[in-house]
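Here's my_file_0.tsv, which has TSV, N, CA and C atoms and all ligand atoms:
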```tsv
chain	number	residue	atom	x	y	z
J	199	MET	N	-97.17	-68.10	122.14
J	199	MET	CA	-96.77	-67.54	120.85
J	199	MET	C	-96.43	-66.07	121.01
J	200	GLY	N	-95.58	-65.61	120.15
J	200	GLY	CA	-95.16	-64.22	120.17
J	200	GLY	C	-95.81	-63.42	119.06
J	201	PRO	N	-95.11	-62.42	118.61
J	201	PRO	CA	-95.69	-61.52	117.61
J	201	PRO	C	-95.89	-62.19	116.26
J	202	MET	N	-96.88	-61.72	115.55
J	202	MET	CA	-97.10	-62.18	114.19
J	202	MET	C	-96.73	-61.04	113.24
J	203	ALA	N	-96.33	-61.41	112.05
J	203	ALA	CA	-95.99	-60.40	111.05
J	203	ALA	C	-96.65	-60.78	109.74
J	204	ILE	N	-97.13	-59.77	109.05
J	204	ILE	CA	-97.71	-60.01	107.72
J	204	ILE	C	-96.76	-59.43	106.68
J	205	ASN	N	-96.44	-60.22	105.69
J	205	ASN	CA	-95.68	-59.75	104.52
J	205	ASN	C	-96.58	-59.80	103.30
J	206	ILE	N	-96.55	-58.76	102.51
J	206	ILE	CA	-97.21	-58.80	101.20
J	206	ILE	C	-96.11	-58.64	100.16
J	207	ASN	N	-95.95	-59.67	99.34
J	207	ASN	CA	-94.87	-59.68	98.35
J	207	ASN	C	-95.45	-59.44	96.96
J	208	TYR	N	-94.77	-58.59	96.21
J	208	TYR	CA	-95.16	-58.31	94.82
J	208	TYR	C	-93.99	-58.67	93.93
J	209	TYR	N	-94.22	-59.58	92.99
J	209	TYR	CA	-93.18	-60.00	92.05
J	209	TYR	C	-93.56	-59.51	90.66
J	210	PRO	N	-92.90	-58.48	90.18
J	210	PRO	CA	-93.23	-58.01	88.82
J	210	PRO	C	-92.83	-59.05	87.79
J	211	PRO	N	-93.48	-59.06	86.64
J	211	PRO	CA	-93.08	-60.01	85.59
J	211	PRO	C	-91.68	-59.69	85.11
J	212	CYS	N	-91.00	-60.70	84.61
J	212	CYS	CA	-89.67	-60.50	84.04
J	212	CYS	C	-89.60	-61.28	82.74
J	213	PRO	N	-89.19	-60.64	81.65
J	213	PRO	CA	-89.16	-61.34	80.35
J	213	PRO	C	-88.19	-62.50	80.31
J	214	ASN	N	-87.24	-62.53	81.24
J	214	ASN	CA	-86.26	-63.63	81.23
J	214	ASN	C	-86.15	-64.24	82.64
J	215	PRO	N	-87.16	-65.05	83.04
J	215	PRO	CA	-87.18	-65.58	84.42
J	215	PRO	C	-85.97	-66.44	84.75
J	216	SER	N	-85.32	-67.03	83.74
J	216	SER	CA	-84.22	-67.96	84.05
J	216	SER	C	-83.01	-67.23	84.66
J	217	ILE	N	-82.92	-65.92	84.46
J	217	ILE	CA	-81.79	-65.19	85.05
J	217	ILE	C	-82.25	-64.25	86.16
J	218	THR	N	-83.48	-64.51	86.68
J	218	THR	CA	-84.06	-63.64	87.70
J	218	THR	C	-84.46	-64.46	88.92
J	219	ILE	N	-84.28	-63.90	90.09
J	219	ILE	CA	-84.72	-64.57	91.31
J	219	ILE	C	-85.85	-63.75	91.92
J	220	GLY	N	-86.99	-64.41	92.19
J	220	GLY	CA	-88.07	-63.74	92.90
J	220	GLY	C	-87.73	-63.65	94.38
J	221	ALA	N	-87.56	-64.80	95.01
J	221	ALA	CA	-87.07	-64.87	96.39
J	221	ALA	C	-86.02	-65.98	96.42
J	222	HIS	N	-84.84	-65.64	96.91
J	222	HIS	CA	-83.75	-66.61	96.97
J	222	HIS	C	-84.14	-67.74	97.92
J	223	ARG	N	-83.50	-68.90	97.77
J	223	ARG	CA	-83.86	-70.04	98.63
J	223	ARG	C	-83.54	-69.70	100.09
J	224	HIS	N	-84.47	-70.07	100.95
J	224	HIS	CA	-84.32	-69.77	102.38
J	224	HIS	C	-85.31	-70.62	103.18
J	225	CYS	N	-85.12	-70.65	104.49
J	225	CYS	CA	-86.13	-71.18	105.41
J	225	CYS	C	-86.64	-70.01	106.24
J	226	ASP	N	-87.88	-70.09	106.67
J	226	ASP	CA	-88.42	-69.03	107.53
J	226	ASP	C	-87.98	-69.30	108.98
J	227	VAL	N	-87.77	-68.23	109.74
J	227	VAL	CA	-87.37	-68.41	111.15
J	227	VAL	C	-88.59	-68.57	112.06
J	228	SER	N	-89.76	-68.43	111.50
J	228	SER	CA	-91.01	-68.49	112.27
J	228	SER	C	-91.24	-69.88	112.88
J	229	CYS	N	-92.32	-69.99	113.66
J	229	CYS	CA	-92.82	-71.33	114.03
J	229	CYS	C	-93.56	-71.91	112.83
J	230	ILE	N	-94.59	-71.21	112.41
J	230	ILE	CA	-95.26	-71.59	111.17
J	230	ILE	C	-95.50	-70.34	110.33
J	231	THR	N	-95.62	-70.54	109.05
J	231	THR	CA	-95.98	-69.46	108.13
J	231	THR	C	-97.21	-69.90	107.35
J	232	LEU	N	-98.24	-69.04	107.37
J	232	LEU	CA	-99.42	-69.29	106.54
J	232	LEU	C	-99.26	-68.46	105.28
J	233	LEU	N	-99.42	-69.09	104.14
J	233	LEU	CA	-99.08	-68.45	102.87
J	233	LEU	C	-100.27	-68.52	101.92
J	234	PHE	N	-100.68	-67.37	101.48
J	234	PHE	CA	-101.76	-67.29	100.49
J	234	PHE	C	-101.16	-66.77	99.19
J	235	GLN	N	-101.31	-67.52	98.12
J	235	GLN	CA	-100.77	-67.06	96.84
J	235	GLN	C	-101.88	-66.94	95.82
J	236	ASP	N	-101.67	-66.06	94.85
J	236	ASP	CA	-102.66	-65.92	93.78
J	236	ASP	C	-102.50	-67.09	92.79
J	237	ASP	N	-103.09	-66.97	91.62
J	237	ASP	CA	-103.12	-68.12	90.70
J	237	ASP	C	-101.93	-68.17	89.73
J	238	ILE	N	-100.90	-67.37	89.97
J	238	ILE	CA	-99.76	-67.32	89.04
J	238	ILE	C	-98.81	-68.50	89.27
J	239	GLY	N	-98.58	-68.85	90.50
J	239	GLY	CA	-97.60	-69.90	90.82
J	239	GLY	C	-96.18	-69.35	90.82
J	240	GLY	N	-95.24	-70.19	91.20
J	240	GLY	CA	-93.84	-69.75	91.25
J	240	GLY	C	-93.15	-70.14	92.55
J	241	LEU	N	-93.94	-70.58	93.55
J	241	LEU	CA	-93.34	-71.02	94.81
J	241	LEU	C	-92.86	-72.47	94.68
J	242	TYR	N	-91.63	-72.71	95.10
J	242	TYR	CA	-91.05	-74.05	95.08
J	242	TYR	C	-90.58	-74.42	96.48
J	243	VAL	N	-90.78	-75.68	96.85
J	243	VAL	CA	-90.22	-76.18	98.12
J	243	VAL	C	-89.22	-77.29	97.81
J	244	ARG	N	-88.23	-77.41	98.67
J	244	ARG	CA	-87.19	-78.42	98.49
J	244	ARG	C	-87.71	-79.76	98.99
J	245	GLY	N	-87.64	-80.79	98.13
J	245	GLY	CA	-88.08	-82.12	98.53
J	245	GLY	C	-87.25	-82.65	99.70
J	246	THR	N	-87.89	-83.38	100.59
J	246	THR	CA	-87.17	-83.88	101.77
J	246	THR	C	-86.46	-85.20	101.49
J	247	LYS	N	-86.93	-85.95	100.50
J	247	LYS	CA	-86.29	-87.25	100.22
J	247	LYS	C	-85.23	-87.10	99.13
J	248	SER	N	-85.65	-86.61	97.96
J	248	SER	CA	-84.65	-86.24	96.97
J	248	SER	C	-84.44	-84.73	97.17
J	249	ASN	N	-83.43	-84.20	96.52
J	249	ASN	CA	-83.11	-82.79	96.77
J	249	ASN	C	-83.75	-81.86	95.74
J	250	ASN	N	-84.77	-82.38	95.02
J	250	ASN	CA	-85.33	-81.60	93.92
J	250	ASN	C	-86.28	-80.51	94.42
J	251	TRP	N	-86.53	-79.56	93.54
J	251	TRP	CA	-87.48	-78.50	93.86
J	251	TRP	C	-88.87	-78.89	93.37
J	252	ILE	N	-89.87	-78.72	94.23
J	252	ILE	CA	-91.25	-79.11	93.91
J	252	ILE	C	-92.11	-77.86	93.83
J	253	HIS	N	-92.80	-77.71	92.70
J	253	HIS	CA	-93.66	-76.53	92.55
J	253	HIS	C	-94.92	-76.68	93.39
J	254	VAL	N	-95.27	-75.63	94.13
J	254	VAL	CA	-96.49	-75.64	94.94
J	254	VAL	C	-97.61	-75.05	94.07
J	255	ASN	N	-98.38	-75.94	93.45
J	255	ASN	CA	-99.45	-75.46	92.56
J	255	ASN	C	-100.45	-74.63	93.35
J	256	PRO	N	-100.78	-73.45	92.85
J	256	PRO	CA	-101.78	-72.64	93.55
J	256	PRO	C	-103.15	-73.31	93.48
J	257	ILE	N	-103.82	-73.35	94.61
J	257	ILE	CA	-105.20	-73.88	94.67
J	257	ILE	C	-106.07	-72.74	95.16
J	258	LYS	N	-107.10	-72.43	94.41
J	258	LYS	CA	-107.94	-71.27	94.74
J	258	LYS	C	-108.47	-71.39	96.17
J	259	GLY	N	-108.26	-70.35	96.95
J	259	GLY	CA	-108.77	-70.29	98.32
J	259	GLY	C	-107.96	-71.07	99.33
J	260	ALA	N	-106.89	-71.74	98.90
J	260	ALA	CA	-106.12	-72.58	99.83
J	260	ALA	C	-104.97	-71.79	100.47
J	261	LEU	N	-104.64	-72.17	101.68
J	261	LEU	CA	-103.47	-71.64	102.37
J	261	LEU	C	-102.40	-72.72	102.37
J	262	ALA	N	-101.15	-72.36	102.07
J	262	ALA	CA	-100.03	-73.28	102.29
J	262	ALA	C	-99.51	-73.02	103.70
J	263	VAL	N	-99.14	-74.06	104.40
J	263	VAL	CA	-98.61	-73.92	105.76
J	263	VAL	C	-97.17	-74.42	105.77
J	264	ASN	N	-96.25	-73.52	106.05
J	264	ASN	CA	-94.83	-73.87	106.14
J	264	ASN	C	-94.41	-74.03	107.59
J	265	ILE	N	-93.63	-75.06	107.85
J	265	ILE	CA	-92.96	-75.17	109.15
J	265	ILE	C	-91.71	-74.28	109.11
J	266	GLY	N	-91.47	-73.53	110.15
J	266	GLY	CA	-90.28	-72.67	110.22
J	266	GLY	C	-89.22	-73.24	111.15
J	267	ASP	N	-88.06	-72.56	111.18
J	267	ASP	CA	-86.92	-73.03	111.98
J	267	ASP	C	-87.28	-73.20	113.46
J	268	SER	N	-88.09	-72.26	113.98
J	268	SER	CA	-88.37	-72.31	115.42
J	268	SER	C	-89.13	-73.58	115.80
J	269	LEU	N	-90.10	-73.97	114.97
J	269	LEU	CA	-90.85	-75.20	115.28
J	269	LEU	C	-89.97	-76.43	115.07
J	270	GLN	N	-89.05	-76.36	114.10
J	270	GLN	CA	-88.13	-77.50	113.94
J	270	GLN	C	-87.32	-77.69	115.22
J	271	ILE	N	-86.84	-76.59	115.78
J	271	ILE	CA	-86.04	-76.68	117.01
J	271	ILE	C	-86.92	-77.18	118.16
J	272	MET	N	-88.13	-76.58	118.30
J	272	MET	CA	-89.00	-76.95	119.43
J	272	MET	C	-89.43	-78.41	119.35
J	273	SER	N	-89.56	-78.93	118.12
J	273	SER	CA	-90.00	-80.32	117.96
J	273	SER	C	-88.82	-81.29	117.92
J	274	ASN	N	-87.63	-80.78	118.20
J	274	ASN	CA	-86.43	-81.61	118.19
J	274	ASN	C	-86.27	-82.33	116.84
J	275	ASP	N	-86.50	-81.59	115.76
J	275	ASP	CA	-86.34	-82.07	114.38
J	275	ASP	C	-87.44	-83.01	113.90
J	276	ARG	N	-88.47	-83.21	114.69
J	276	ARG	CA	-89.57	-84.06	114.21
J	276	ARG	C	-90.26	-83.39	113.02
J	277	TYR	N	-90.46	-82.08	113.11
J	277	TYR	CA	-91.03	-81.31	112.00
J	277	TYR	C	-89.92	-80.48	111.39
J	278	LYS	N	-89.77	-80.60	110.08
J	278	LYS	CA	-88.64	-79.96	109.40
J	278	LYS	C	-89.04	-78.60	108.81
J	279	SER	N	-88.18	-77.65	109.01
J	279	SER	CA	-88.32	-76.35	108.37
J	279	SER	C	-88.03	-76.53	106.88
J	280	ILE	N	-88.95	-76.09	106.04
J	280	ILE	CA	-88.82	-76.40	104.62
J	280	ILE	C	-88.13	-75.26	103.87
J	281	GLU	N	-87.12	-75.64	103.09
J	281	GLU	CA	-86.45	-74.65	102.26
J	281	GLU	C	-87.35	-74.32	101.07
J	282	HIS	N	-87.42	-73.06	100.72
J	282	HIS	CA	-88.29	-72.66	99.60
J	282	HIS	C	-87.72	-71.46	98.88
J	283	CYS	N	-88.24	-71.22	97.68
J	283	CYS	CA	-87.80	-70.08	96.87
J	283	CYS	C	-88.95	-69.71	95.94
J	284	VAL	N	-88.80	-68.59	95.29
J	284	VAL	CA	-89.85	-68.14	94.37
J	284	VAL	C	-89.24	-67.76	93.03
J	285	ALA	N	-89.81	-68.31	91.95
J	285	ALA	CA	-89.43	-67.93	90.59
J	285	ALA	C	-90.47	-66.96	90.05
J	286	VAL	N	-90.02	-66.04	89.23
J	286	VAL	CA	-90.96	-65.06	88.67
J	286	VAL	C	-91.54	-65.56	87.35
J	287	ASP	N	-92.62	-64.94	86.95
J	287	ASP	CA	-93.30	-65.30	85.70
J	287	ASP	C	-92.84	-64.33	84.60
J	288	SER	N	-92.85	-64.82	83.36
J	288	SER	CA	-92.34	-63.98	82.26
J	288	SER	C	-93.30	-62.86	81.87
J	289	SER	N	-94.59	-63.04	82.15
J	289	SER	CA	-95.53	-62.03	81.66
J	289	SER	C	-96.55	-61.53	82.68
J	290	ARG	N	-96.66	-62.23	83.81
J	290	ARG	CA	-97.69	-61.83	84.78
J	290	ARG	C	-97.08	-61.54	86.14
J	291	ALA	N	-97.55	-60.51	86.79
J	291	ALA	CA	-97.11	-60.20	88.15
J	291	ALA	C	-97.73	-61.19	89.12
J	292	ARG	N	-97.04	-61.42	90.22
J	292	ARG	CA	-97.55	-62.35	91.23
J	292	ARG	C	-97.60	-61.63	92.58
J	293	ILE	N	-98.62	-61.95	93.38
J	293	ILE	CA	-98.72	-61.40	94.74
J	293	ILE	C	-98.89	-62.56	95.71
J	294	SER	N	-98.19	-62.51	96.82
J	294	SER	CA	-98.40	-63.48	97.89
J	294	SER	C	-98.56	-62.72	99.21
J	295	ILE	N	-99.35	-63.30	100.09
J	295	ILE	CA	-99.57	-62.70	101.42
J	295	ILE	C	-99.22	-63.76	102.45
J	296	LEU	N	-98.35	-63.39	103.39
J	296	LEU	CA	-97.87	-64.36	104.37
J	296	LEU	C	-98.11	-63.88	105.79
J	297	LEU	N	-98.49	-64.81	106.65
J	297	LEU	CA	-98.58	-64.52	108.08
J	297	LEU	C	-97.54	-65.39	108.78
J	298	PHE	N	-96.56	-64.72	109.39
J	298	PHE	CA	-95.52	-65.43	110.13
J	298	PHE	C	-95.93	-65.49	111.61
J	299	VAL	N	-96.03	-66.69	112.13
J	299	VAL	CA	-96.33	-66.87	113.55
J	299	VAL	C	-95.01	-67.17	114.24
J	300	ASN	N	-94.57	-66.24	115.05
J	300	ASN	CA	-93.22	-66.28	115.63
J	300	ASN	C	-93.24	-66.60	117.12
J	301	PRO	N	-92.12	-67.11	117.64
J	301	PRO	CA	-91.99	-67.18	119.09
J	301	PRO	C	-91.76	-65.78	119.65
J	302	LYS	N	-91.90	-65.62	120.94
J	302	LYS	CA	-91.62	-64.31	121.55
J	302	LYS	C	-90.17	-63.93	121.26
J	303	PHE	N	-89.92	-62.65	121.04
J	303	PHE	CA	-88.58	-62.20	120.67
J	303	PHE	C	-87.55	-62.56	121.74
J	304	ASP	N	-87.94	-62.52	123.01
J	304	ASP	CA	-86.96	-62.74	124.08
J	304	ASP	C	-86.99	-64.17	124.61
J	305	SER	N	-87.72	-65.06	123.93
J	305	SER	CA	-87.78	-66.43	124.45
J	305	SER	C	-86.58	-67.24	123.99
J	306	VAL	N	-86.18	-68.17	124.82
J	306	VAL	CA	-85.10	-69.08	124.47
J	306	VAL	C	-85.74	-70.34	123.88
J	307	ILE	N	-85.37	-70.65	122.63
J	307	ILE	CA	-85.99	-71.77	121.93
J	307	ILE	C	-85.19	-73.04	122.18
J	308	GLY	N	-85.91	-74.12	122.50
J	308	GLY	CA	-85.26	-75.42	122.66
J	308	GLY	C	-86.30	-76.51	122.51
J	309	PRO	N	-85.87	-77.74	122.39
J	309	PRO	CA	-86.82	-78.85	122.22
J	309	PRO	C	-87.78	-78.97	123.41
J	310	PHE	N	-89.06	-79.22	123.11
J	310	PHE	CA	-90.03	-79.53	124.18
J	310	PHE	C	-89.55	-80.79	124.90
J	311	SER	N	-89.69	-80.82	126.20
J	311	SER	CA	-89.26	-82.05	126.90
J	311	SER	C	-90.45	-82.99	127.06
F	401	LIG	O1	-94.03	-65.34	97.89
F	401	LIG	C1	-94.01	-66.50	98.33
F	401	LIG	O2	-94.76	-67.39	97.91
F	401	LIG	C2	-93.04	-66.87	99.43
F	401	LIG	C3	-92.34	-65.69	100.06
F	401	LIG	C4	-91.47	-66.12	101.21
F	401	LIG	O3	-91.01	-67.21	101.24
F	401	LIG	C5	-91.20	-65.21	102.32
F	401	LIG	O4	-91.59	-64.02	102.26
F	401	LIG	O5	-90.59	-65.66	103.32
F	402	FE	FE	-90.19	-67.71	103.16
```

Starting from the file, give its structure as structure tokens.
Amino acid sequence: MGPMAININYYPPCPNPSITIGAHRHCDVSCITLLFQDDIGGLYVRGTKSNNWIHVNPIKGALAVNIGDSLQIMSNDRYKSIEHCVAVDSSRARISILLFVNPKFDSVIGPFS
């Protein structure tokens, strides 16, 4: 494994969440991402069977574990990098803390043989 990075995200409340983006839809480039969110909610993941967005209900003390692009490549698509996004709340600020576990910066990524 290579370097890890910690992100702390702060999403201020917005009176009109329908026209606001907290985090645009994306996949992480990491191998895995450990995600700790407070009790506000707002994280959505893209369903793998239907294309709908699924809300990740916050569970007190729980970590969400995301597969990133690097692990998808290393596993030859057995594990899928999950698309996700964040919606903001109309009245409450939200904080999330993420640990990205990355491959080494200079490593060449490919499927395990
Ligand atoms: O705030 C969140 O729950 C997710 C943030 C995120 O996806 C990211 O920083 O890559
Ligand atoms: Fe992300």

Practice prompt. Please return, as a ChimeraX atom specification, all polymer residues that have at least one atom within 6.5 Å of the point (-90.7, -73.7, 94.5); use only N, CA and C atoms and the file's own coordinate frame.
Written response: /J:240-244,251-254,282-285

Worksheet item: What gap, in Å, lies between atom CA of Pro210 of chain J and atom C of Asn250 of chain J?
Response: 24.2 Å

Item to complete: Could you give me the residues within segment 199-310 of chain J that DSSP places in strand (DSSP E), as a PyMOL selection string?
Response: chain J and resi 202-209+221-224+230-235+241-244+251-253+262-265+282-284+292-299

Worksheet item: In Å to one decimal, how far is atom C of Glu281 of chain J from atom N of Pro215 of chain J?
Response: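 Result for atom N of Pro215 of chain J versus atom C of Glu281 of chain J: 20.3 Å, one decimal.
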
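For ligand FE 402 (chain F), the neighbouring protein, DNA and RNA residues, which are those within 6.5 Å when all atoms listed in the file are counted, are His224, Cys225, Asp226 and His282 of chain J.
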
Discussion item. Here is a test: counting only C-alpha atoms and all ligand atoms, which residue of J:Arg292, J:Lys258, J:Lys247, J:Arg276 is nearest to ligand LIG 401 (chain F)?
Written reply: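 Of J:Arg292, J:Lys258, J:Lys247, J:Arg276, the one nearest ligand LIG 401 (chain F), counting only C-alpha atoms and all ligand atoms, is J:Arg292.
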
Which residues of chain J come within 12 Å of ligand LIG 401 (chain F), and what is each one's closest atom pair and distance in Å (one decimal), counting only C-alpha atoms and all ligand atoms, sorted by chain and residue number, as CSV?
```
residue,atom,partner,partner_atom,distance
J:Ala203,CA,F:LIG401,O4,10.5
J:Ile204,CA,F:LIG401,O4,9.1
J:Asn205,CA,F:LIG401,O4,6.3
J:Ile206,CA,F:LIG401,O4,7.7
J:Asn207,CA,F:LIG401,O1,5.7
J:Tyr208,CA,F:LIG401,O1,7.8
J:Tyr209,CA,F:LIG401,O1,8.0
J:Pro210,CA,F:LIG401,O1,11.7
J:Ile219,CA,F:LIG401,O1,11.4
J:Gly220,CA,F:LIG401,O1,7.9
J:Ala221,CA,F:LIG401,C3,6.5
J:His222,CA,F:LIG401,O3,8.4
J:Arg223,CA,F:LIG401,O3,8.1
J:His224,CA,F:LIG401,O3,7.3
J:Cys225,CA,F:LIG401,O5,7.4
J:Asp226,CA,F:LIG401,O5,5.8
J:Val227,CA,F:LIG401,O5,8.9
J:Ser228,CA,F:LIG401,O5,9.4
J:Ile230,CA,F:LIG401,O5,10.9
J:Thr231,CA,F:LIG401,O5,8.2
J:Leu232,CA,F:LIG401,C2,9.9
J:Leu233,CA,F:LIG401,O2,6.7
J:Phe234,CA,F:LIG401,O2,7.5
J:Gln235,CA,F:LIG401,O2,6.1
J:Asp236,CA,F:LIG401,O2,9.0
J:Asp237,CA,F:LIG401,O2,11.1
J:Ile238,CA,F:LIG401,O2,10.2
J:Gly239,CA,F:LIG401,O2,8.0
J:Gly240,CA,F:LIG401,O2,7.1
J:Leu241,CA,F:LIG401,O2,5.0
J:Tyr242,CA,F:LIG401,O2,8.1
J:Val243,CA,F:LIG401,O3,9.5
J:His253,CA,F:LIG401,O2,10.7
J:Val254,CA,F:LIG401,O2,8.9
J:Asn255,CA,F:LIG401,O2,10.8
J:Pro256,CA,F:LIG401,O2,9.8
J:Leu261,CA,F:LIG401,O2,10.7
J:Ala262,CA,F:LIG401,O2,9.0
J:Val263,CA,F:LIG401,O2,10.9
J:Asn264,CA,F:LIG401,O3,9.1
J:Ile265,CA,F:LIG401,O3,11.4
J:Gly266,CA,F:LIG401,O5,9.8
J:Asp267,CA,F:LIG401,O5,11.9
J:Ser279,CA,F:LIG401,O3,11.9
J:Ile280,CA,F:LIG401,O3,10.0
J:Glu281,CA,F:LIG401,O3,8.8
J:His282,CA,F:LIG401,O3,6.3
J:Cys283,CA,F:LIG401,O3,6.1
J:Val284,CA,F:LIG401,C1,6.0
J:Ala285,CA,F:LIG401,O1,9.0
J:Val286,CA,F:LIG401,O1,9.7
J:Ala291,CA,F:LIG401,O1,11.4
J:Arg292,CA,F:LIG401,O1,8.1
J:Ile293,CA,F:LIG401,O1,6.9
J:Ser294,CA,F:LIG401,O1,4.7
J:Ile295,CA,F:LIG401,O1,7.1
J:Leu296,CA,F:LIG401,O4,6.6
J:Leu297,CA,F:LIG401,O4,9.1
J:Phe298,CA,F:LIG401,O5,8.4
J:Val299,CA,F:LIG401,O5,11.8
```

Worksheet item: Between atom CA of Met202 of chain J and atom CA of Phe310 of chain J, what is the spacing in Å?
Response: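 Between these atoms lies a distance of 21.2 Å.
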
Worksheet entry | Top pick for closest residue to Ser268 of chain J, considering J:Thr246, J:Ser288, J:Ser305, J:Ser311 and counting only C-alpha atoms |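 Nearest candidate to Ser268 of chain J out of J:Thr246, J:Ser288, J:Ser305, J:Ser311: J:Ser305.
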
Discussion item. Considering only N, CA and C atoms, can you say which of J:Met199, J:Met272, J:Asp287, J:Asn249 comes closest to Asn214 of chain J?
Written reply: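 Among the listed residues, the smallest separation from Asn214 of chain J belongs to J:Asp287.
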
Item to complete: Check chain J with DSSP on the backbone and list each residue it calls alpha helix (DSSP H), as a list in words.
Response: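 Secondary structure check on chain J, alpha helix (DSSP H): Asp267, Ser268, Leu269, Gln270, Ile271 and Met272 of chain J.
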
Worksheet item: J:Leu269, J:Arg290, J:Cys229, J:Ser216: which is nearest Gly200 of chain J, counting only C-alpha atoms?
Response: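 The shortest atom-to-atom distance to Gly200 of chain J comes from J:Cys229.
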
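Nearest to Asn274 of chain J of all the residues J:Pro301, J:Ser289, J:Gly308, J:Ser248 is J:Gly308, counting only N, CA and C atoms.
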